[in-house]
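*Asks:* The structure that follows is given in the form of C-alpha cells.
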2 protein chains.
Amino acid sequence: MSKPNDFSIRCQNCSFNHLCIPVALNQTEMQSLDEIIERKRPLHKNDQLTIPGQKFTSLFAVRTGSFKSYITSPDGEQQITGFHFPGDVVGFDGLYSEKYQSYTQAMETSMVCELPYDKLDTMSAQLPTLRKEMLKIMSTEINQDHSLMMLLNKRTAEERLAHFLINLSDRFKSRGFSPAEFNLTMTRNEIGNHLGLTVETVSRLLTRFQKEQIIKVDGKNIQIQSIEILREKLGEHVANKKACG
Amino acid sequence: MSKPNDFSIRCQNCSFNHLCIPVALNQTEMQSLDEIIERKRPLHKNDQLTIPGQKFTSLFAVRTGSFKSYITSPDGEQQITGFHFPGDVVGFDGLYSEKYQSYTQAMETSMVCELPYDKLDTMSAQLPTLRKEMLKIMSTEINQDHSLMMLLNKRTAEERLAHFLINLSDRFKSRGFSPAEFNLTMTRNEIGNHLGLTVETVSRLLTRFQKEQIIKVDGKNIQIQSIEILREKLGEHVANKKACG
DNA sequence: GGGAAAATTTGATGTAAATCAAGTGAATAA
DNA sequence: TTATTCACTTGATTTACATCAAATTTTCCC
C-alpha cells in the first residue's frame with residue numbers, strides 16, 4: 001500500500017508549518033507527526049469535508065485552497081462560522097460528542113492533511129509540546145470567536161467589513177501571499193452571512209470603499225490601496241464606554 | 001501549611017462533578033485530580049478572577065456563585081462573552097499566548113477550584129480520559145460560541161431573549177436547581193450586552209413576556225410559566241432558507 | 001437608617017440596515 | 001456557442017431596534 005505520503009509532501013518542507021500544528025515541534029517530533037498524517041486526493045469546489053453528525057475521527061489541516069465552516073438551524077438557516085486557509089486546522093468542534101457539529105465545505109479545489117485523532121492522541125501522551133499546541137489552537141479559535149462576538153454586537157456594517165478585509169489581508173500576509181491584492185474565494189452573500197449583513201449591504205459597502213479610494217474591486221479581485229484608512233475605520237469609534245460592572 | 005483542601009471539599013462529593021472536569025474520570029483518577037486542586041477563599045462581588053495580560057497559570061472551576069467573562073476593545077467597550085455557573089470551567093482563553101485574554105468577574109460572592117495548569121498537564125500525560133476531557137470542554141465552548149454567532153446574526157431581539165432564558169433554565173436544571181424559578185445574578189444591562197441588545201429592549205421584552213403570561217418577573221426573580229411557549233418563540237421562524245453553498 | 005448612585009421601566013423619536021424590486025454581469029453546462 | 005442559472009449592483013421603501021429622555025425603584029455604603 002503506497003500512501004500519497006510518498007509524494008514527498010512533508011510537514012518539514014510545508015510552507016505553512018509555522019501556522020499549523022508543527023509550529024512548536026522540533027525536527028524529530030515533526031517527523032513523527034508527519035508519519036501519522038494522511039494526505040488524500042483533492043476536494044473539489046462544494047465538496048464537504050465534514051458534515052454534522054458524522055463520526056469524529058480526525059482533525060484536518062488545510063494544505064491548499066480554502067474552506068468555509070457553517071452550522072444550520074433546525075429550519076435550515078445557515079451561519080458561516082469561519083473561513084479557512086492553508087495552515088488552518090479544522091474539526092475541533094467534533095471532539096465534543098465524537099461527532100462533527102458543523103459542515104466544512106471546500107470553496108475551491110483544495111487539499112487537506114488528515115490527522116487521525118487517535119494517533120494524534122497517542123502521540124500527545126509522549127509529546128508535551130504537541131499536547132500544548134492542540135490546546136493552543138483551540139484556545140485561539142475561542143478567542144477569535146469572542147472577538148467576532150464583539151464585532152457582531154457592537155460594530156456597524158462598515159466596521160465589520162473593514163475588519164473582515166483587514167483580517168483577510170493579515171492572514172494572507174502571514175502565509176506569504178500578498179496582503180495588498182487577493183481574490184475572494186467566497187461570495188458577497190457568504191461574507192454577509194458570516195458578518196451578519198445582507199448581500200446588498202456588503203455590495204454597497206465595497207462600492208463605497210472603492211469610491212473612497214480605500215480599495216479597488218474587480219469582481220472577486222480586491223486590491224487594498226490604504227490599509228491605514230481601513231484600520232482607522234475600526235478605531236474611529238467614539239469612546240462610548242458603558243460600564244457593565 | 002494546611003490547605004483549605006482539609007475542609008473535606010472533594011471532587012468526589014461535589015454535586016457538580018457530572019458537569020465538570022471529573023465527569024469521565026474513575027474514582028482513582030478523580031482522587032489524583034482532587035489532590036492538585038487548590039481551593040481558596042471566596043471571591044466577592046465584582047472581584048476579578050482573571051484579567052487580560054495576566055500570566056496564565058490555571059484553569060478555574062466554578063464551585064459556588066456565578067461569574068461573567070468579558071473582553072474589551074481598545075476604546076474600552078465591553079463585550080460579555082459568557083456567564084458561568086457551578087461546574088463550568090473557565091480560563092481556556094489563556095492557553096493561547098500564556099496570558100489570559102479576558103476578564104472573569106464574580107457577579108456575587110463565589111468560590112472556585114483552581115486547577116494549576118502545569119500539574120494538570122503532567123497528569124494528562126498519564127490519563128487519556130483527562131486529556132480528552134479538557135479538549136471536550138474546549139470543544140463545547142467553541143460549539144456554544146458558534147451557536148451564539150447564529151443567534152446574534154439571525155435572530156430577533158425576542159428570539160435572543162427567549163433563547164437566553166431557556167439556556168439559563170436548562171443550565172440550572174442540570175445543576176439540580178429549579179428550572180422554573182431562579183434569580184438573575186446579572187443586570188438587564190449585562191444580559192443586553194451579551195445578546196447584542198440595549199437595556200431598554202431587554203426590559204421591554206421582559207415586560208412583554210410577562211404580559212403574555214410566559215414568565216413572571218419580580219426584579220431579579222424570574223418564574224417561567226411556560227417553557228413551551230418560550231421554545232416556540234425560537235421555532236416559529238419562517239423557513240427562510242437562503243442557500244449559501 | 002438615610003442619602004447617593006445605580007438599575008430599571010416606559011414613552012417619544014430617529015436611523016442603520018433590512019427588505020423589496022429590478023436590472024446587469026459572470027459562470028457553467030449542454 | 002448559447003441558454004440558464006447564479007452572483008452582483010443599485011435604488012426605493014420599510015422596520016426593528018437604538019437612542020434620547022425622564023420617571024421610578026432598588027441597591028449600596030457611610
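Ordering of the C-alpha cells sets the chain letters (A, B, ...), residue numbers begin anew at 1 in every chain, and ligands are numbered from 1 in the order given.
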So that each row is one residue of chain D with an atom at most 12 Å from chain B, can you give its shortest atom pair and the distance in Å to one decimal, using only C-alpha atoms (C1' of nucleotides), rows by chain and rising number, as a tab-separated table?
*Replies:*
residue	atom	partner	partner_atom	distance
D:DC6	C1'	B:Gly245	CA	11.1
D:DA7	C1'	B:Cys244	CA	11.3
D:DA16	C1'	B:Thr156	CA	8.3
D:DC17	C1'	B:Thr201	CA	7.6
D:DA18	C1'	B:Thr198	CA	7.4
D:DT19	C1'	B:Thr198	CA	9.8
D:DC20	C1'	B:Glu200	CA	11.5
D:DT25	C1'	B:Gly219	CA	9.6
D:DT26	C1'	B:Gly219	CA	8.6
D:DT27	C1'	B:Gly219	CA	11.7
*Asks:* If you run DSSP over the backbone, which residues in range 24-245 of chain B end up strand (DSSP E or B)? Put them as a PyMOL selection string.
*Replies:* chain B and resi 38-39+43+48-50+55+58-64+67-72+78-84+89-90+99+103-106+110-116+181-183+215-218+221-224
*Asks:* Where does chain A end up after superposition onto chain B over all in-order Cα pairs? Give it as a compact mmCIF listing (two decimals) with C-alpha atoms, in the first residue's frame.
*Replies:*
# COMPACT_ATOMS: atom_id res chain seq x y z
CA MET A 1 0.93 24.22 55.62
CA SER A 2 -2.67 23.18 55.84
CA LYS A 3 -4.44 23.85 52.60
CA PRO A 4 -8.15 24.67 52.55
CA ASN A 5 -8.37 21.22 50.97
CA ASP A 6 -8.67 19.97 54.52
CA PHE A 7 -12.29 21.07 54.65
CA SER A 8 -13.28 17.80 53.01
CA ILE A 9 -14.35 19.62 49.90
CA ARG A 10 -13.68 16.97 47.34
CA CYS A 11 -14.49 16.38 43.70
CA GLN A 12 -15.86 13.02 44.87
CA ASN A 13 -18.68 14.60 46.81
CA CYS A 14 -19.14 17.76 44.76
CA SER A 15 -22.66 17.93 43.42
CA PHE A 16 -21.45 19.44 40.16
CA ASN A 17 -18.80 16.86 39.24
CA HIS A 18 -21.03 15.49 36.49
CA LEU A 19 -20.65 18.80 34.65
CA CYS A 20 -17.04 19.50 35.49
CA ILE A 21 -13.66 18.06 34.51
CA PRO A 22 -14.09 14.93 36.69
CA VAL A 23 -17.08 13.75 34.64
CA ALA A 24 -15.23 10.99 32.80
CA LEU A 25 -12.74 10.05 35.51
CA ASN A 26 -12.95 6.95 37.68
CA GLN A 27 -12.59 7.06 41.47
CA THR A 28 -8.79 6.73 41.47
CA GLU A 29 -8.36 9.33 38.76
CA MET A 30 -10.73 11.73 40.48
CA GLN A 31 -8.69 11.31 43.65
CA SER A 32 -5.51 12.28 41.81
CA LEU A 33 -7.21 15.28 40.27
CA ASP A 34 -8.55 16.27 43.63
CA GLU A 35 -5.05 16.39 45.06
CA ILE A 36 -3.80 19.04 42.68
CA ILE A 37 -6.79 21.32 43.13
CA GLU A 38 -6.37 24.41 45.25
CA ARG A 39 -9.43 25.74 46.98
CA LYS A 40 -9.08 29.32 48.01
CA ARG A 41 -11.01 31.88 49.94
CA PRO A 42 -14.22 33.19 48.37
CA LEU A 43 -14.27 35.99 45.86
CA HIS A 44 -16.61 38.86 46.52
CA LYS A 45 -18.93 40.56 44.11
CA ASN A 46 -17.00 42.38 41.37
CA ASP A 47 -13.67 40.70 42.26
CA GLN A 48 -11.68 39.74 39.18
CA LEU A 49 -10.60 36.12 38.87
CA THR A 50 -8.62 36.78 35.68
CA ILE A 51 -7.56 39.93 33.85
CA PRO A 52 -6.25 40.21 30.28
CA GLY A 53 -2.47 40.16 30.17
CA GLN A 54 -2.16 38.34 33.49
CA LYS A 55 0.07 35.27 33.25
CA PHE A 56 -1.88 32.11 32.58
CA THR A 57 -1.26 29.60 35.34
CA SER A 58 -4.52 27.83 36.01
CA LEU A 59 -7.94 26.88 34.89
CA PHE A 60 -10.78 27.56 37.33
CA ALA A 61 -13.88 25.54 38.03
CA VAL A 62 -16.76 27.52 39.49
CA ARG A 63 -17.78 25.91 42.77
CA THR A 64 -20.42 28.33 44.03
CA GLY A 65 -21.81 31.64 42.82
CA SER A 66 -21.53 32.99 39.31
CA PHE A 67 -19.16 34.86 37.02
CA LYS A 68 -19.23 36.84 33.83
CA SER A 69 -16.43 36.84 31.28
CA TYR A 70 -15.82 39.82 29.04
CA ILE A 71 -13.30 41.29 26.68
CA THR A 72 -12.76 44.95 25.95
CA SER A 73 -11.97 46.84 22.76
CA PRO A 74 -9.16 49.41 22.62
CA ASP A 75 -11.71 52.16 23.26
CA GLY A 76 -12.96 50.49 26.41
CA GLU A 77 -16.16 48.96 25.17
CA GLN A 78 -17.04 45.69 26.82
CA GLN A 79 -18.40 42.51 25.33
CA ILE A 80 -19.65 39.87 27.71
CA THR A 81 -18.66 36.55 26.19
CA GLY A 82 -20.35 34.30 28.72
CA PHE A 83 -21.88 33.72 32.14
CA HIS A 84 -20.54 30.92 34.32
CA PHE A 85 -22.19 28.79 36.98
CA PRO A 86 -21.06 25.96 39.27
CA GLY A 87 -19.35 23.18 37.33
CA ASP A 88 -18.30 25.50 34.49
CA VAL A 89 -14.57 25.67 33.80
CA VAL A 90 -13.03 28.98 32.76
CA GLY A 91 -9.60 30.18 31.70
CA PHE A 92 -9.09 28.35 28.40
CA ASP A 93 -8.65 31.66 26.62
CA GLY A 94 -5.29 31.94 28.39
CA LEU A 95 -3.71 28.88 26.76
CA TYR A 96 -3.04 30.85 23.63
CA SER A 97 -0.08 33.12 24.47
CA GLU A 98 0.15 32.03 28.11
CA LYS A 99 -1.83 35.08 29.15
CA TYR A 100 -5.48 35.39 29.98
CA GLN A 101 -7.30 37.27 27.26
CA SER A 102 -10.44 38.17 29.13
CA TYR A 103 -11.78 39.42 32.43
CA THR A 104 -13.58 36.91 34.63
CA GLN A 105 -15.52 38.74 37.28
CA ALA A 106 -17.61 37.44 40.17
CA MET A 107 -21.23 38.57 39.92
CA GLU A 108 -21.85 37.61 43.57
CA THR A 109 -19.86 36.03 46.39
CA SER A 110 -18.41 32.94 44.73
CA MET A 111 -15.88 30.17 45.19
CA VAL A 112 -13.68 28.44 42.65
CA CYS A 113 -11.47 25.37 42.45
CA GLU A 114 -8.11 26.33 41.00
CA LEU A 115 -6.51 23.79 38.67
CA PRO A 116 -2.82 24.64 38.21
CA TYR A 117 -2.18 24.05 34.54
CA ASP A 118 1.28 22.53 34.79
CA LYS A 119 0.06 19.87 37.18
CA LEU A 120 -3.01 19.26 35.07
CA ASP A 121 -0.77 18.84 32.05
CA THR A 122 1.53 16.37 33.82
CA MET A 123 -1.47 14.35 34.91
CA SER A 124 -2.97 14.39 31.46
CA ALA A 125 0.13 12.70 30.04
CA GLN A 126 -0.83 9.68 32.12
CA LEU A 127 -4.59 9.90 31.90
CA PRO A 128 -6.13 9.72 28.44
CA THR A 129 -9.58 10.41 29.87
CA LEU A 130 -8.39 13.66 31.43
CA ARG A 131 -6.65 14.65 28.20
CA LYS A 132 -9.83 14.01 26.28
CA GLU A 133 -12.00 15.78 28.82
CA MET A 134 -10.09 19.03 28.59
CA LEU A 135 -10.35 19.03 24.82
CA LYS A 136 -14.03 18.18 25.09
CA ILE A 137 -14.76 21.11 27.35
CA MET A 138 -12.96 23.46 24.98
CA SER A 139 -14.81 21.93 22.04
CA THR A 140 -18.09 22.55 23.85
CA GLU A 141 -17.15 26.17 24.33
CA ILE A 142 -16.34 26.53 20.63
CA ASN A 143 -19.68 25.01 19.66
CA GLN A 144 -21.55 27.27 22.07
CA ASP A 145 -19.82 30.29 20.61
CA HIS A 146 -20.84 29.20 17.12
CA SER A 147 -24.47 28.85 18.21
CA LEU A 148 -24.31 32.28 19.74
CA MET A 149 -22.96 33.61 16.47
CA MET A 150 -26.08 32.39 14.72
CA LEU A 151 -28.26 33.80 17.48
CA LEU A 152 -26.68 37.23 17.11
CA ASN A 153 -26.68 37.25 13.32
CA LYS A 154 -30.02 35.70 12.51
CA ARG A 155 -32.42 36.12 15.42
CA THR A 156 -34.69 38.91 16.54
CA ALA A 157 -34.45 40.54 19.95
CA GLU A 158 -37.38 38.43 21.17
CA GLU A 159 -35.78 35.20 19.99
CA ARG A 160 -32.47 36.10 21.60
CA LEU A 161 -34.02 36.73 24.97
CA ALA A 162 -36.16 33.59 24.73
CA HIS A 163 -33.02 31.60 23.97
CA PHE A 164 -31.23 33.21 26.89
CA LEU A 165 -33.98 32.32 29.36
CA ILE A 166 -34.24 28.75 28.07
CA ASN A 167 -30.49 28.39 28.27
CA LEU A 168 -30.44 29.60 31.87
CA SER A 169 -33.32 27.31 32.77
CA ASP A 170 -31.58 24.29 31.22
CA ARG A 171 -28.33 25.05 32.96
CA PHE A 172 -29.99 25.47 36.34
CA LYS A 173 -31.88 22.23 35.82
CA SER A 174 -28.73 20.23 35.09
CA ARG A 175 -27.28 21.64 38.30
CA GLY A 176 -30.18 20.42 40.38
CA PHE A 177 -31.71 23.87 40.77
CA SER A 178 -35.24 24.76 39.77
CA PRO A 179 -35.60 25.25 36.02
CA ALA A 180 -38.83 27.18 36.57
CA GLU A 181 -37.78 29.77 39.10
CA PHE A 182 -34.43 31.43 39.57
CA ASN A 183 -32.74 34.70 40.36
CA LEU A 184 -30.77 36.55 37.74
CA THR A 185 -27.36 37.41 39.08
CA MET A 186 -26.72 39.67 36.11
CA THR A 187 -28.29 43.06 35.38
CA ARG A 188 -30.56 43.81 32.42
CA ASN A 189 -27.66 45.78 31.02
CA GLU A 190 -25.39 42.73 31.17
CA ILE A 191 -27.99 40.51 29.52
CA GLY A 192 -28.32 43.06 26.75
CA ASN A 193 -24.59 43.43 26.36
CA HIS A 194 -24.19 39.69 25.90
CA LEU A 195 -27.10 39.39 23.45
CA GLY A 196 -26.33 42.48 21.41
CA LEU A 197 -29.35 44.41 22.71
CA THR A 198 -29.83 47.57 24.74
CA VAL A 199 -31.02 47.55 28.32
CA GLU A 200 -34.27 49.22 27.18
CA THR A 201 -35.01 46.43 24.73
CA VAL A 202 -34.36 43.74 27.35
CA SER A 203 -36.62 45.51 29.81
CA ARG A 204 -39.42 45.93 27.28
CA LEU A 205 -39.20 42.27 26.26
CA LEU A 206 -39.35 41.02 29.84
CA THR A 207 -42.44 43.14 30.33
CA ARG A 208 -43.94 41.78 27.12
CA PHE A 209 -43.22 38.16 28.05
CA GLN A 210 -44.89 38.81 31.39
CA LYS A 211 -47.99 40.29 29.72
CA GLU A 212 -48.10 37.21 27.48
CA GLN A 213 -48.08 35.09 30.67
CA ILE A 214 -44.89 33.30 29.62
CA ILE A 215 -42.89 34.44 32.63
CA LYS A 216 -43.36 36.28 35.88
CA VAL A 217 -40.80 38.95 36.60
CA ASP A 218 -40.17 40.45 40.00
CA GLY A 219 -36.92 42.35 39.88
CA LYS A 220 -34.17 39.76 39.72
CA ASN A 221 -36.58 36.89 40.27
CA ILE A 222 -37.83 35.05 37.20
CA GLN A 223 -40.58 32.44 37.17
CA ILE A 224 -41.04 30.58 33.92
CA GLN A 225 -44.73 29.84 33.47
CA SER A 226 -44.49 28.23 30.05
CA ILE A 227 -41.17 26.97 28.80
CA GLU A 228 -43.11 25.51 25.83
CA ILE A 229 -44.24 28.90 24.54
CA LEU A 230 -40.73 30.17 25.12
CA ARG A 231 -39.35 27.34 22.99
CA GLU A 232 -41.98 28.00 20.33
CA LYS A 233 -40.69 31.53 20.07
CA LEU A 234 -37.44 30.05 18.81
CA GLY A 235 -39.06 27.59 16.42
CA GLU A 236 -41.71 29.85 14.93
CA HIS A 237 -39.17 31.13 12.45
CA VAL A 238 -40.41 31.01 8.89
CA ALA A 239 -38.10 28.75 6.91
CA ASN A 240 -36.23 31.39 5.07
CA LYS A 241 -33.54 29.19 3.66
CA LYS A 242 -31.12 31.24 1.73
CA ALA A 243 -28.62 28.88 0.22
CA CYS A 244 -25.06 29.89 0.69
CA GLY A 245 -23.40 27.02 -1.02
*Asks:* Using only C-alpha atoms (C1' of nucleotides), find each residue of chain C with at least one atom at most 10 Å away from an atom of chain A; report its shortest atom-to-atom pair and that distance in Å (one decimal), sort the rows by chain and rising residue number, and return the result as a tab-separated table.
*Replies:*
residue	atom	partner	partner_atom	distance
C:DA16	C1'	A:Thr156	CA	8.2
C:DA17	C1'	A:Thr201	CA	7.4
C:DA18	C1'	A:Thr198	CA	7.5
C:DT19	C1'	A:Thr198	CA	9.7
C:DG25	C1'	A:Gly219	CA	9.9
C:DA26	C1'	A:Gly219	CA	9.0
*Asks:* Could you give me, as a ChimeraX atom specification, each residue of range 4-225 of chain A that DSSP assigns to helix (DSSP H, G or I) when run on this structure's backbone?
*Replies:* /A:4-7,11-13,21-24,27-36,92-94,96-98,117-126,128-154,157-174,188-195,199-211
*Asks:* What is the C1' of DA7 in chain C-C1' of DT24 in chain D distance in Å, reported with one decimal?
*Replies:*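 It comes out at 10.5 Å.
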*Asks:* Using C1' of DA12 in chain C and C1' of DA12 in chain D as the two end points, give the distance in Å to one decimal.
*Replies:*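 Between C1' of DA12 in chain C and C1' of DA12 in chain D the gap works out to 26.4 Å.
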*Asks:* What is the C1' of DG11 in chain C to C1' of DT13 in chain D distance in Å?
*Replies:*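 Going from C1' of DG11 in chain C over to C1' of DT13 in chain D covers 25.9 Å.
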*Asks:* Within 12 Å of DT2 in chain D, counting only C-alpha atoms (C1' of nucleotides), which residues show up once you throw out same-chain ones fewer than 6 positions away? Write them as a compact mmCIF listing (two decimals) with N, CA, C and O atoms (P, O5', C5', C4', C3', O3' and C1' of nucleotides), in the first residue's frame, please.
*Replies:*
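And here is the file that came out, part-v7.txt:
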# COMPACT_ATOMS: atom_id res chain seq x y z
P DT C 28 -17.78 28.41 -12.63
O5' DT C 28 -18.88 27.48 -13.32
C5' DT C 28 -20.21 27.48 -12.78
C4' DT C 28 -21.11 26.74 -13.73
C3' DT C 28 -20.45 25.51 -14.38
O3' DT C 28 -21.31 24.41 -14.19
C1' DT C 28 -21.46 26.88 -16.01
P DA C 29 -20.79 22.91 -14.33
O5' DA C 29 -21.86 22.36 -15.35
C5' DA C 29 -23.24 22.71 -15.21
C4' DA C 29 -23.93 22.60 -16.55
C3' DA C 29 -23.56 21.36 -17.36
O3' DA C 29 -24.71 20.92 -18.06
C1' DA C 29 -23.13 23.24 -18.65
P DA C 30 -24.99 19.39 -18.28
O5' DA C 30 -26.04 19.39 -19.47
C5' DA C 30 -26.94 20.49 -19.67
C4' DA C 30 -27.08 20.75 -21.16
C3' DA C 30 -26.88 19.53 -22.05
O3' DA C 30 -27.86 19.50 -23.09
C1' DA C 30 -25.39 21.24 -22.69
